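Asks: Just dropping this structure here.
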Amino acid sequence: MAQKTAAKKSKKMTSVLPQALWRKIGSNYLLTNDSGHHAWLKEKDFALVTAGGMTELHPLFAELAVKGFIRNRLDFNDLAAKWKKKNAYLNYGPGLHILVMTLRCNHKCLYCQSSAAGVGDKKTDMNLATARKSVDFAFNSPNPGITIEFQGGEPLLNWEVLKGAVEYARKRSGTAGKELKLALVSNFSLMTEEKADFLLKNEVSLCTSLDGPKNLHDKNRICSSGNSHSDTVKWIKYFQKRCKKQVPEYRVFKPSALLTVSKYSLPRHKEIIDEYVRLGLEDIFVRPLAPIGYARKLWGTIGYDAADFAKFYLKSLDYMLKLNRRGVVIREKMATMMLDKIVNLQDPGYLDARCPCGAAIGQIAYNHNGDLYTCDEGRMVGWEGDDIFRIGNVFKDSYKKVMTDPVTKVCVVSSNLEAQPACARCAYKPYCGVCPVYNYEVQGSLWGNIPSNDRCGLFKGILDTLFTLLKSPGNAEILNKWVTK
Amino acid sequence: MGDKMKTSLPEKKLILDNGIYCPEAVKLAAFVFSGRAAVKIKPGKGVSQVLIGARSADLTAAEFMNEVLNQQCRIDLAKKNSKIAGIIVTKALLSAAGKKG
């Protein structure tokens with residue numbers, strides 16, 4: 001009798017958790033949930049699960065139960081702990097503080113989102129008082145880790161103020177009890193040994209733009225000398241060399257580079273990746289172009305749609321996996337950040353793909369005049385004449401006022417995926433995020449219309465690619481290594 | 001509702017059943033479209049009458065309908081999800097302001 005009851009119990013039917021999300025990819029279903037777990041189901045198993053017909057004898061039952069997909073087998077403490085870890089950013093304030101040292105630039109890049117001013121236009125330089133006040137403002141954030149990123153225009157055009165801001169921030173961190181990271185984003189064309197020494201001694205991490213081989217890079221990134229690529233490569237090599245040498249007094253970080261994919265990049269994925277490998281760069285961020293600011297006006301010439309980018313992204317990832325199999329160390333940054341969420345169920349700090357997005361509560365952009373914006377993209381919209389994303393000024397407004405500004409609130413509310421109809425039911429909700437600035441620029445409202453939103457198409461394409469690759473054990477082994485801590 | 005707007009633009013008239021699209025959704029959609037079309041709304045018996053004036057009135061009207069649907073779905077979702085959505089927003093804003101949520 002007891003045996004009979006046990007057998008009866010083990011055949012008991014169970015139903016899938018109502019909050020489970022799914023997406024059909026090819027002939028299979030991808031199941032996800034808010035804790036970040038995922039599982040693949042064949043069509044017949046998916047039908048069984050959704051009809052509440054899966055029994056404990058089914059080979060997938062144990063896996064689905066552990067991952068929180070079986071209603072009467074939920075371990076709430078475990079699932080809640082995973083949700084909390086994945087959304088840890090909800091406990092901190094802005095960690096990224098972008099200081100725009102100047103809007104001047106010696107480049108005229110085809111897609112320039114910073115909509116730079118001419119080299120002689122010094123009225124768009126940040127002065128030292130504003131830089132110091134901005135640093136003070138950044139330290140008001142309750143976030144225990146602060147990153148101050150110096151950007152432009154070309155920040156090296158305002159070297160003395162940049163130098164002063166670095167020194168002040170280092171001094172300030174000594175008493176603030178916060179971890180401080182400093183970063184510089186520069187085209188390196190104005191770099192000198194003296195500047196490099198100063199930056200390295202102050203542990204400033206260095207990031208540049210590299211769009212691929214010379215003819216492609218120089219086509220995208222036009223500069224008066226015509227040698228943008230040569231300058232960039234020269235200094236990447238220099239910083240690589242300094243990193244290899246290391247000294248006991250300070251840490252020298254590996255230089256990194258950002259790729260912006262224009263229409264001209266689409267047929268050249270191999271050459272671009274090979275260029276990164278040739279220069280010893282181990283990470284490549286295959287970033288789609290956004291139709292924001294200056295790029296919006298040129299979208300017909302340099303832009304592309306989500307489907308074209310998805311193809312490019314898949315080809316790029318395929319090629320990188322091939323190189324990895326040969327022992328070459330090269331990772332794709334977007335994939336790495338998404339995989340951190342998918343594989344490790346943790347927040348990689350990617351402000352563009354989280355819920356709510358990082359606008360104001362994850363990052364703040366400080367314009368040259370002390371004006372504060374929700375993010376750098378919001379600042380670019382301001383530079384085009386629409387200050388909708390301005391949240392205050394370092395001299396006039398307190399930190400608290402900025403964090404409770406209506407613009408801050410509306411960005412948080414509108415980028416909450418639980419309030420976005422298409423996102424709330426999307427299988428990629430646990431890994432994705434929307435951008436109010438993109439929505440506003442492209443679709444005319446902060447909320448956007450997600451089913452017809454090309455950014456949504458881009459993220460879906462990227463996540464489709466990653467999940468499909470993860471199904472193959474060979475690819476999964478490599479991809480998992482990318483996020484092994 | 002007058003059948004014509006005082007614009008020289010081609011026009012398209014839409015009649016929306018309030019049982020499917022509430023007036024709030026229609027107004028929100030009209031606001032989103034205010035920069036690219038002339039939109040006039042008039043309440044009727046159980047319906048909202050919308051007159052759209054735009055260079056390509058048919059296409060704009062179709063896009064307007066998509067936006068009304070988007071707004072309606074958002075309103076419907078808010079009724080179901082407002083608690084969890086509210087918790088997330090409150091937590092994020094309070095933490096950022098330095099208060100314990």
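Following the order of the structure tokens, chains are lettered A, B, ..., residues in each are numbered from 1, and ligands are numbered from 1.
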Within 7 Å of chain B, which residues of chain A show up when using only C-alpha atoms, listed as an MDAnalysis selection string?
Replies: chainID A and resid 90:94 142 361 400 403 412:413 416 418:421 444:445 449
Asks: Identify, on the basis of only C-alpha atoms, every residue whose closest approach to segment 95-103 of chain A does not exceed 8 Å; exclude the query and any residue fewer than 2 positions from it along the same chain; express the result as an mmCIF file with C-alpha atoms, in the first residue's frame.
Replies:
```cif
data_model
loop_
_atom_site.group_PDB
_atom_site.id
_atom_site.type_symbol
_atom_site.label_atom_id
_atom_site.label_comp_id
_atom_site.auth_asym_id
_atom_site.auth_seq_id
_atom_site.Cartn_x
_atom_site.Cartn_y
_atom_site.Cartn_z
ATOM 1 C CA TYR A 92 23.319 51.432 -4.669
ATOM 2 C CA GLY A 93 23.288 54.818 -6.278
ATOM 3 C CA CYS A 105 37.653 67.399 -30.704
ATOM 4 C CA SER A 114 29.296 63.550 -28.780
ATOM 5 C CA SER A 115 28.543 66.048 -31.542
ATOM 6 C CA ALA A 116 31.882 67.661 -30.895
ATOM 7 C CA ALA A 117 32.768 71.328 -31.151
ATOM 8 C CA LYS A 122 37.438 76.743 -25.890
ATOM 9 C CA THR A 124 33.132 74.314 -24.155
ATOM 10 C CA ASP A 125 36.094 73.406 -21.888
ATOM 11 C CA MET A 126 35.345 72.419 -18.291
ATOM 12 C CA ALA A 131 35.767 69.666 -12.386
ATOM 13 C CA SER A 134 31.786 67.510 -10.152
ATOM 14 C CA ALA A 138 30.166 62.168 -7.482
ATOM 15 C CA SER A 141 26.626 58.908 -4.202
ATOM 16 C CA ASN A 143 27.595 53.689 -3.992
ATOM 17 C CA GLY A 145 32.506 52.081 -5.638
ATOM 18 C CA ILE A 146 32.837 55.179 -7.787
ATOM 19 C CA THR A 147 34.164 55.286 -11.338
ATOM 20 C CA ILE A 148 35.009 58.695 -12.751
ATOM 21 C CA GLU A 149 35.358 58.559 -16.505
ATOM 22 C CA PHE A 150 36.931 61.480 -18.349
ATOM 23 C CA GLN A 151 35.422 61.956 -21.780
ATOM 24 C CA GLY A 152 34.895 64.543 -24.465
ATOM 25 C CA GLY A 153 35.099 65.618 -27.239
ATOM 26 C CA GLU A 154 38.745 64.763 -26.870
ATOM 27 C CA PRO A 155 39.579 65.154 -23.141
ATOM 28 C CA LEU A 157 42.553 68.926 -25.372
ATOM 29 C CA ASN A 158 41.836 70.147 -21.811
ATOM 30 C CA VAL A 161 42.028 70.555 -15.974
ATOM 31 C CA LEU A 162 41.981 66.798 -16.549
ATOM 32 C CA GLY A 362 23.387 54.211 -12.182
ATOM 33 C CA GLN A 363 25.307 56.954 -13.939
ATOM 34 C CA ILE A 364 25.446 60.717 -14.261
ATOM 35 C CA ALA A 365 26.948 62.753 -17.099
ATOM 36 C CA TYR A 366 28.577 66.037 -16.078
ATOM 37 C CA ASN A 367 28.701 68.548 -18.920
ATOM 38 C CA HIS A 368 31.577 71.038 -19.261
ATOM 39 C CA ASP A 376 25.890 60.657 -21.835
#
```
Asks: What's around Arg55 of chain B at 10 Å? Count only C-alpha atoms, leave out sequence neighbours fewer than 4 positions away in its own chain, and write the answer as an MDAnalysis selection string.
Replies: chainID B and resid 8:11 36:37 59:60
Asks: Hey, which of B:Ile52, B:Val68, B:Ala61, B:Ala30 ends up closest to Asn18 of chain B? Count only C-alpha atoms.
Replies: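 Counting only C-alpha atoms, the residue closest to Asn18 of chain B is B:Val68.
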Asks: Would you list, as a compact mmCIF listing (two decimals) with N, CA and C atoms, in the first residue's frame, the residues of segment 285-474 of chain A that end up in alpha helix (DSSP H) under DSSP run on this structure's backbone?
Replies:
```
# COMPACT_ATOMS: atom_id res chain seq x y z
N TYR A 294 24.29 63.38 -33.50
CA TYR A 294 24.77 63.60 -34.86
C TYR A 294 24.48 62.40 -35.77
N ALA A 295 24.63 61.18 -35.20
CA ALA A 295 24.43 59.96 -35.99
C ALA A 295 23.01 59.86 -36.53
N ARG A 296 22.08 60.45 -35.82
CA ARG A 296 20.67 60.39 -36.24
C ARG A 296 20.49 61.07 -37.61
N LYS A 297 21.21 62.20 -37.76
CA LYS A 297 21.09 62.95 -39.02
C LYS A 297 21.70 62.18 -40.19
N TRP A 299 21.84 58.82 -40.43
CA TRP A 299 21.45 57.42 -40.31
C TRP A 299 21.32 56.73 -41.68
N GLY A 300 20.81 57.46 -42.66
CA GLY A 300 20.64 56.88 -44.00
C GLY A 300 21.96 56.46 -44.61
N THR A 301 23.04 57.14 -44.27
CA THR A 301 24.35 56.85 -44.86
C THR A 301 25.13 55.81 -44.06
N ILE A 302 25.10 55.92 -42.73
CA ILE A 302 25.97 55.04 -41.94
C ILE A 302 25.22 54.01 -41.09
N ALA A 306 18.24 46.32 -37.32
CA ALA A 306 18.58 45.32 -36.30
C ALA A 306 18.98 43.99 -36.94
N ALA A 307 18.30 43.62 -38.02
CA ALA A 307 18.59 42.32 -38.66
C ALA A 307 20.01 42.29 -39.22
N ASP A 308 20.44 43.40 -39.83
CA ASP A 308 21.80 43.47 -40.38
C ASP A 308 22.83 43.37 -39.26
N PHE A 309 22.55 44.06 -38.14
CA PHE A 309 23.49 44.01 -37.03
C PHE A 309 23.54 42.60 -36.44
N ALA A 310 22.38 41.96 -36.33
CA ALA A 310 22.34 40.60 -35.75
C ALA A 310 23.20 39.65 -36.58
N LYS A 311 23.13 39.79 -37.91
CA LYS A 311 23.96 38.94 -38.79
C LYS A 311 25.44 39.20 -38.53
N PHE A 312 25.79 40.46 -38.45
CA PHE A 312 27.18 40.86 -38.21
C PHE A 312 27.65 40.32 -36.85
N TYR A 313 26.77 40.42 -35.87
CA TYR A 313 27.12 39.99 -34.52
C TYR A 313 27.36 38.48 -34.49
N LEU A 314 26.47 37.74 -35.16
CA LEU A 314 26.60 36.28 -35.17
C LEU A 314 27.90 35.86 -35.88
N LYS A 315 28.17 36.51 -37.03
CA LYS A 315 29.40 36.18 -37.77
C LYS A 315 30.63 36.50 -36.90
N SER A 316 30.57 37.63 -36.19
CA SER A 316 31.70 38.03 -35.35
C SER A 316 31.91 37.03 -34.22
N LEU A 317 30.83 36.65 -33.56
CA LEU A 317 30.95 35.70 -32.46
C LEU A 317 31.46 34.35 -32.95
N ASP A 318 30.93 33.91 -34.09
CA ASP A 318 31.38 32.63 -34.67
C ASP A 318 32.89 32.65 -34.90
N TYR A 319 33.34 33.76 -35.45
CA TYR A 319 34.77 33.88 -35.76
C TYR A 319 35.61 33.91 -34.47
N MET A 320 35.11 34.60 -33.47
CA MET A 320 35.84 34.66 -32.19
C MET A 320 35.91 33.29 -31.54
N LEU A 321 34.82 32.53 -31.64
CA LEU A 321 34.82 31.18 -31.07
C LEU A 321 35.84 30.30 -31.80
N LYS A 322 35.90 30.48 -33.12
CA LYS A 322 36.87 29.74 -33.92
C LYS A 322 38.30 30.07 -33.46
N LEU A 323 38.55 31.36 -33.25
CA LEU A 323 39.89 31.78 -32.78
C LEU A 323 40.17 31.21 -31.39
N ASN A 324 39.17 31.23 -30.52
CA ASN A 324 39.34 30.67 -29.17
C ASN A 324 39.72 29.20 -29.23
N ARG A 325 39.10 28.48 -30.16
CA ARG A 325 39.41 27.04 -30.30
C ARG A 325 40.87 26.83 -30.69
N LYS A 333 32.66 41.74 -25.57
CA LYS A 333 32.26 42.37 -24.31
C LYS A 333 30.75 42.29 -24.03
N MET A 334 29.95 42.54 -25.05
CA MET A 334 28.49 42.48 -24.85
C MET A 334 28.10 41.06 -24.42
N ALA A 335 28.70 40.06 -25.11
CA ALA A 335 28.42 38.66 -24.78
C ALA A 335 28.86 38.37 -23.35
N THR A 336 30.03 38.86 -22.99
CA THR A 336 30.56 38.62 -21.65
C THR A 336 29.60 39.16 -20.58
N MET A 337 29.08 40.36 -20.83
CA MET A 337 28.18 40.96 -19.84
C MET A 337 26.85 40.21 -19.77
N MET A 338 26.33 39.83 -20.93
CA MET A 338 25.07 39.07 -20.94
C MET A 338 25.27 37.69 -20.31
N LEU A 339 26.42 37.06 -20.62
CA LEU A 339 26.69 35.73 -20.08
C LEU A 339 26.85 35.76 -18.56
N ASP A 340 27.35 36.86 -18.05
CA ASP A 340 27.47 36.99 -16.60
C ASP A 340 26.08 36.87 -15.96
N LYS A 341 25.09 37.43 -16.65
CA LYS A 341 23.71 37.33 -16.14
C LYS A 341 23.16 35.93 -16.37
N ILE A 342 23.40 35.38 -17.56
CA ILE A 342 22.79 34.09 -17.93
C ILE A 342 23.46 32.93 -17.19
N ASP A 376 25.21 59.94 -20.77
CA ASP A 376 25.89 60.66 -21.83
C ASP A 376 24.98 60.83 -23.06
N GLU A 377 24.15 59.83 -23.32
CA GLU A 377 23.23 59.94 -24.46
C GLU A 377 22.24 61.09 -24.23
N GLY A 378 21.79 61.23 -22.98
CA GLY A 378 20.88 62.32 -22.63
C GLY A 378 21.56 63.68 -22.83
N ARG A 379 22.86 63.73 -22.50
CA ARG A 379 23.62 64.97 -22.71
C ARG A 379 23.69 65.30 -24.20
N MET A 380 23.88 64.25 -25.03
CA MET A 380 23.96 64.49 -26.48
C MET A 380 22.67 65.05 -27.04
N VAL A 381 21.55 64.60 -26.50
CA VAL A 381 20.26 65.14 -26.93
C VAL A 381 20.20 66.62 -26.53
N GLY A 382 20.72 66.93 -25.35
CA GLY A 382 20.78 68.31 -24.88
C GLY A 382 21.62 69.18 -25.80
N TRP A 383 22.74 68.65 -26.25
CA TRP A 383 23.63 69.39 -27.15
C TRP A 383 22.96 69.69 -28.48
N TYR A 399 22.73 66.84 -4.32
CA TYR A 399 22.66 65.45 -4.80
C TYR A 399 21.24 64.91 -4.61
N LYS A 400 20.66 65.17 -3.43
CA LYS A 400 19.33 64.66 -3.12
C LYS A 400 18.30 65.22 -4.11
N LYS A 401 18.43 66.49 -4.43
CA LYS A 401 17.47 67.11 -5.35
C LYS A 401 17.56 66.45 -6.73
N VAL A 402 18.78 66.16 -7.15
CA VAL A 402 18.98 65.54 -8.46
C VAL A 402 18.37 64.14 -8.50
N MET A 403 18.54 63.40 -7.40
CA MET A 403 18.01 62.03 -7.36
C MET A 403 16.49 61.99 -7.23
N PRO A 406 12.10 65.18 -11.16
CA PRO A 406 11.07 64.48 -11.96
C PRO A 406 11.64 63.72 -13.16
N VAL A 407 12.71 64.24 -13.76
CA VAL A 407 13.30 63.57 -14.93
C VAL A 407 13.94 62.24 -14.50
N THR A 408 14.62 62.27 -13.34
CA THR A 408 15.19 61.03 -12.80
C THR A 408 14.08 60.01 -12.60
N LYS A 409 13.00 60.46 -11.96
CA LYS A 409 11.89 59.55 -11.65
C LYS A 409 11.27 58.98 -12.92
N VAL A 410 11.04 59.84 -13.89
CA VAL A 410 10.34 59.37 -15.10
C VAL A 410 11.21 58.39 -15.90
N CYS A 411 12.53 58.60 -15.86
CA CYS A 411 13.42 57.64 -16.54
C CYS A 411 13.38 56.28 -15.85
N VAL A 412 13.33 56.30 -14.52
CA VAL A 412 13.28 55.05 -13.75
C VAL A 412 11.94 54.34 -14.03
N VAL A 413 10.87 55.10 -13.98
CA VAL A 413 9.55 54.50 -14.19
C VAL A 413 9.41 53.95 -15.61
N SER A 414 9.85 54.72 -16.60
CA SER A 414 9.63 54.30 -18.00
C SER A 414 10.58 53.19 -18.43
N PRO A 421 4.64 46.70 -21.59
CA PRO A 421 3.82 45.55 -21.97
C PRO A 421 4.58 44.44 -22.71
N ALA A 422 5.36 44.79 -23.71
CA ALA A 422 6.04 43.73 -24.47
C ALA A 422 7.17 43.10 -23.64
N CYS A 423 7.83 43.91 -22.81
CA CYS A 423 8.97 43.42 -22.03
C CYS A 423 8.54 42.54 -20.87
N ALA A 424 7.43 42.90 -20.23
CA ALA A 424 7.00 42.17 -19.02
C ALA A 424 6.77 40.70 -19.32
N PRO A 436 15.26 54.96 -22.29
CA PRO A 436 14.32 56.07 -22.52
C PRO A 436 14.85 57.10 -23.53
N VAL A 437 16.18 57.30 -23.56
CA VAL A 437 16.74 58.29 -24.49
C VAL A 437 16.54 57.80 -25.93
N TYR A 438 16.85 56.54 -26.16
CA TYR A 438 16.66 55.96 -27.50
C TYR A 438 15.18 56.07 -27.89
N ASN A 439 14.31 55.66 -26.96
CA ASN A 439 12.87 55.70 -27.25
C ASN A 439 12.42 57.10 -27.63
N TYR A 440 12.92 58.08 -26.86
CA TYR A 440 12.51 59.47 -27.08
C TYR A 440 13.01 59.96 -28.44
N GLU A 441 14.26 59.65 -28.74
CA GLU A 441 14.85 60.12 -30.00
C GLU A 441 14.22 59.45 -31.22
N VAL A 442 13.94 58.16 -31.11
CA VAL A 442 13.51 57.41 -32.28
C VAL A 442 11.99 57.30 -32.39
N GLN A 443 11.32 57.20 -31.22
CA GLN A 443 9.88 56.95 -31.28
C GLN A 443 9.03 58.05 -30.65
N ASP A 454 13.68 49.25 -32.79
CA ASP A 454 14.84 48.57 -33.37
C ASP A 454 15.88 48.17 -32.32
N ARG A 455 15.94 48.91 -31.23
CA ARG A 455 16.89 48.55 -30.16
C ARG A 455 16.46 47.22 -29.55
N CYS A 456 15.16 47.03 -29.41
CA CYS A 456 14.64 45.76 -28.91
C CYS A 456 15.05 44.64 -29.88
N GLY A 457 14.93 44.94 -31.18
CA GLY A 457 15.34 43.96 -32.19
C GLY A 457 16.81 43.60 -32.06
N LEU A 458 17.64 44.61 -31.78
CA LEU A 458 19.08 44.38 -31.60
C LEU A 458 19.35 43.44 -30.43
N PHE A 459 18.74 43.74 -29.29
CA PHE A 459 18.97 42.91 -28.11
C PHE A 459 18.41 41.51 -28.29
N LYS A 460 17.26 41.40 -28.93
CA LYS A 460 16.70 40.07 -29.17
C LYS A 460 17.65 39.27 -30.06
N GLY A 461 18.20 39.93 -31.06
CA GLY A 461 19.14 39.25 -31.96
C GLY A 461 20.37 38.76 -31.22
N ILE A 462 20.90 39.61 -30.35
CA ILE A 462 22.10 39.26 -29.58
C ILE A 462 21.80 38.10 -28.63
N LEU A 463 20.69 38.19 -27.93
CA LEU A 463 20.35 37.14 -26.96
C LEU A 463 19.96 35.83 -27.65
N ASP A 464 19.28 35.92 -28.80
CA ASP A 464 18.99 34.70 -29.58
C ASP A 464 20.30 34.00 -29.92
N THR A 465 21.25 34.80 -30.40
CA THR A 465 22.56 34.26 -30.79
C THR A 465 23.24 33.57 -29.61
N LEU A 466 23.28 34.26 -28.48
CA LEU A 466 23.98 33.72 -27.31
C LEU A 466 23.35 32.43 -26.79
N PHE A 467 22.02 32.45 -26.64
CA PHE A 467 21.35 31.25 -26.13
C PHE A 467 21.51 30.08 -27.10
N THR A 468 21.45 30.37 -28.39
CA THR A 468 21.60 29.29 -29.37
C THR A 468 23.02 28.72 -29.30
N LEU A 469 24.02 29.59 -29.18
CA LEU A 469 25.40 29.12 -29.08
C LEU A 469 25.61 28.29 -27.81
N LEU A 470 24.97 28.71 -26.73
CA LEU A 470 25.14 28.00 -25.45
C LEU A 470 24.60 26.57 -25.49
N LYS A 471 23.72 26.30 -26.46
CA LYS A 471 23.16 24.94 -26.56
C LYS A 471 24.21 23.93 -26.97
N PRO A 473 27.61 22.15 -26.56
CA PRO A 473 28.58 21.99 -25.45
C PRO A 473 29.95 22.59 -25.76
N GLY A 474 30.39 22.47 -27.01
CA GLY A 474 31.71 23.01 -27.40
C GLY A 474 31.75 24.52 -27.24
```
Asks: Find the residues near Arg287 of chain A: any atom within 7 Å, counting only C-alpha atoms, skip ones fewer than 3 places away on the same chain, and give them as a PDB file with C-alpha atoms, in the first residue's frame.
Replies:
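Here's the written file around35.pdb:
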```
ATOM      1  CA  LEU A 259      34.521  49.441 -31.633  1.00  0.00           C
ATOM      2  CA  THR A 260      31.692  51.368 -33.200  1.00  0.00           C
ATOM      3  CA  VAL A 261      30.007  49.424 -35.965  1.00  0.00           C
TER       4      VAL A 261
END
```
Asks: Using DSSP on the backbone coordinates, identify the residues of segment 22-99 of chain B assigned to strand (DSSP E); present them as number ranges by chain.
Replies: B: 38-43, 47-53
Asks: Using C-alpha atoms, can you write the selected residues to a file as a compact mmCIF listing (two decimals), in the first residue's frame?
Replies:
```
# COMPACT_ATOMS: atom_id res chain seq x y z
CA ALA B 38 -2.32 67.25 -36.10
CA VAL B 39 -4.56 65.19 -33.82
CA LYS B 40 -8.06 66.15 -32.77
CA ILE B 41 -10.02 64.03 -30.29
CA LYS B 42 -13.73 64.27 -29.59
CA PRO B 43 -15.66 62.00 -27.22
CA VAL B 47 -16.38 55.90 -28.66
CA SER B 48 -13.50 58.33 -29.16
CA GLN B 49 -13.46 60.07 -32.51
CA VAL B 50 -9.98 60.94 -33.73
CA LEU B 51 -9.09 63.12 -36.68
CA ILE B 52 -5.50 62.87 -37.86
CA GLY B 53 -3.94 65.40 -40.21
```
Asks: I'd like the contact shell of segment 427-434 of chain A - 6 Å cut-off, only C-alpha atoms, skipping same-chain residues fewer than 2 positions apart - returned as a PDB file with C-alpha atoms, in the first residue's frame.
Replies:
```pdb
ATOM      1  CA  LEU A  21       8.601  33.401 -19.654  1.00  0.00           C
ATOM      2  CA  TRP A  22       9.270  31.704 -22.963  1.00  0.00           C
ATOM      3  CA  ARG A  23      10.363  32.236 -26.532  1.00  0.00           C
ATOM      4  CA  THR A  32      13.327  31.743 -18.374  1.00  0.00           C
ATOM      5  CA  ASP A  34      12.983  36.256 -12.870  1.00  0.00           C
ATOM      6  CA  GLY A  36      17.684  34.383 -14.260  1.00  0.00           C
ATOM      7  CA  ALA A 353      20.612  46.455 -20.088  1.00  0.00           C
ATOM      8  CA  ARG A 354      19.121  46.447 -16.653  1.00  0.00           C
ATOM      9  CA  CYS A 355      15.775  47.199 -15.053  1.00  0.00           C
ATOM     10  CA  SER A 415      12.593  51.889 -18.085  1.00  0.00           C
ATOM     11  CA  CYS A 423       8.971  43.419 -22.032  1.00  0.00           C
TER      12      CYS A 423
END
```
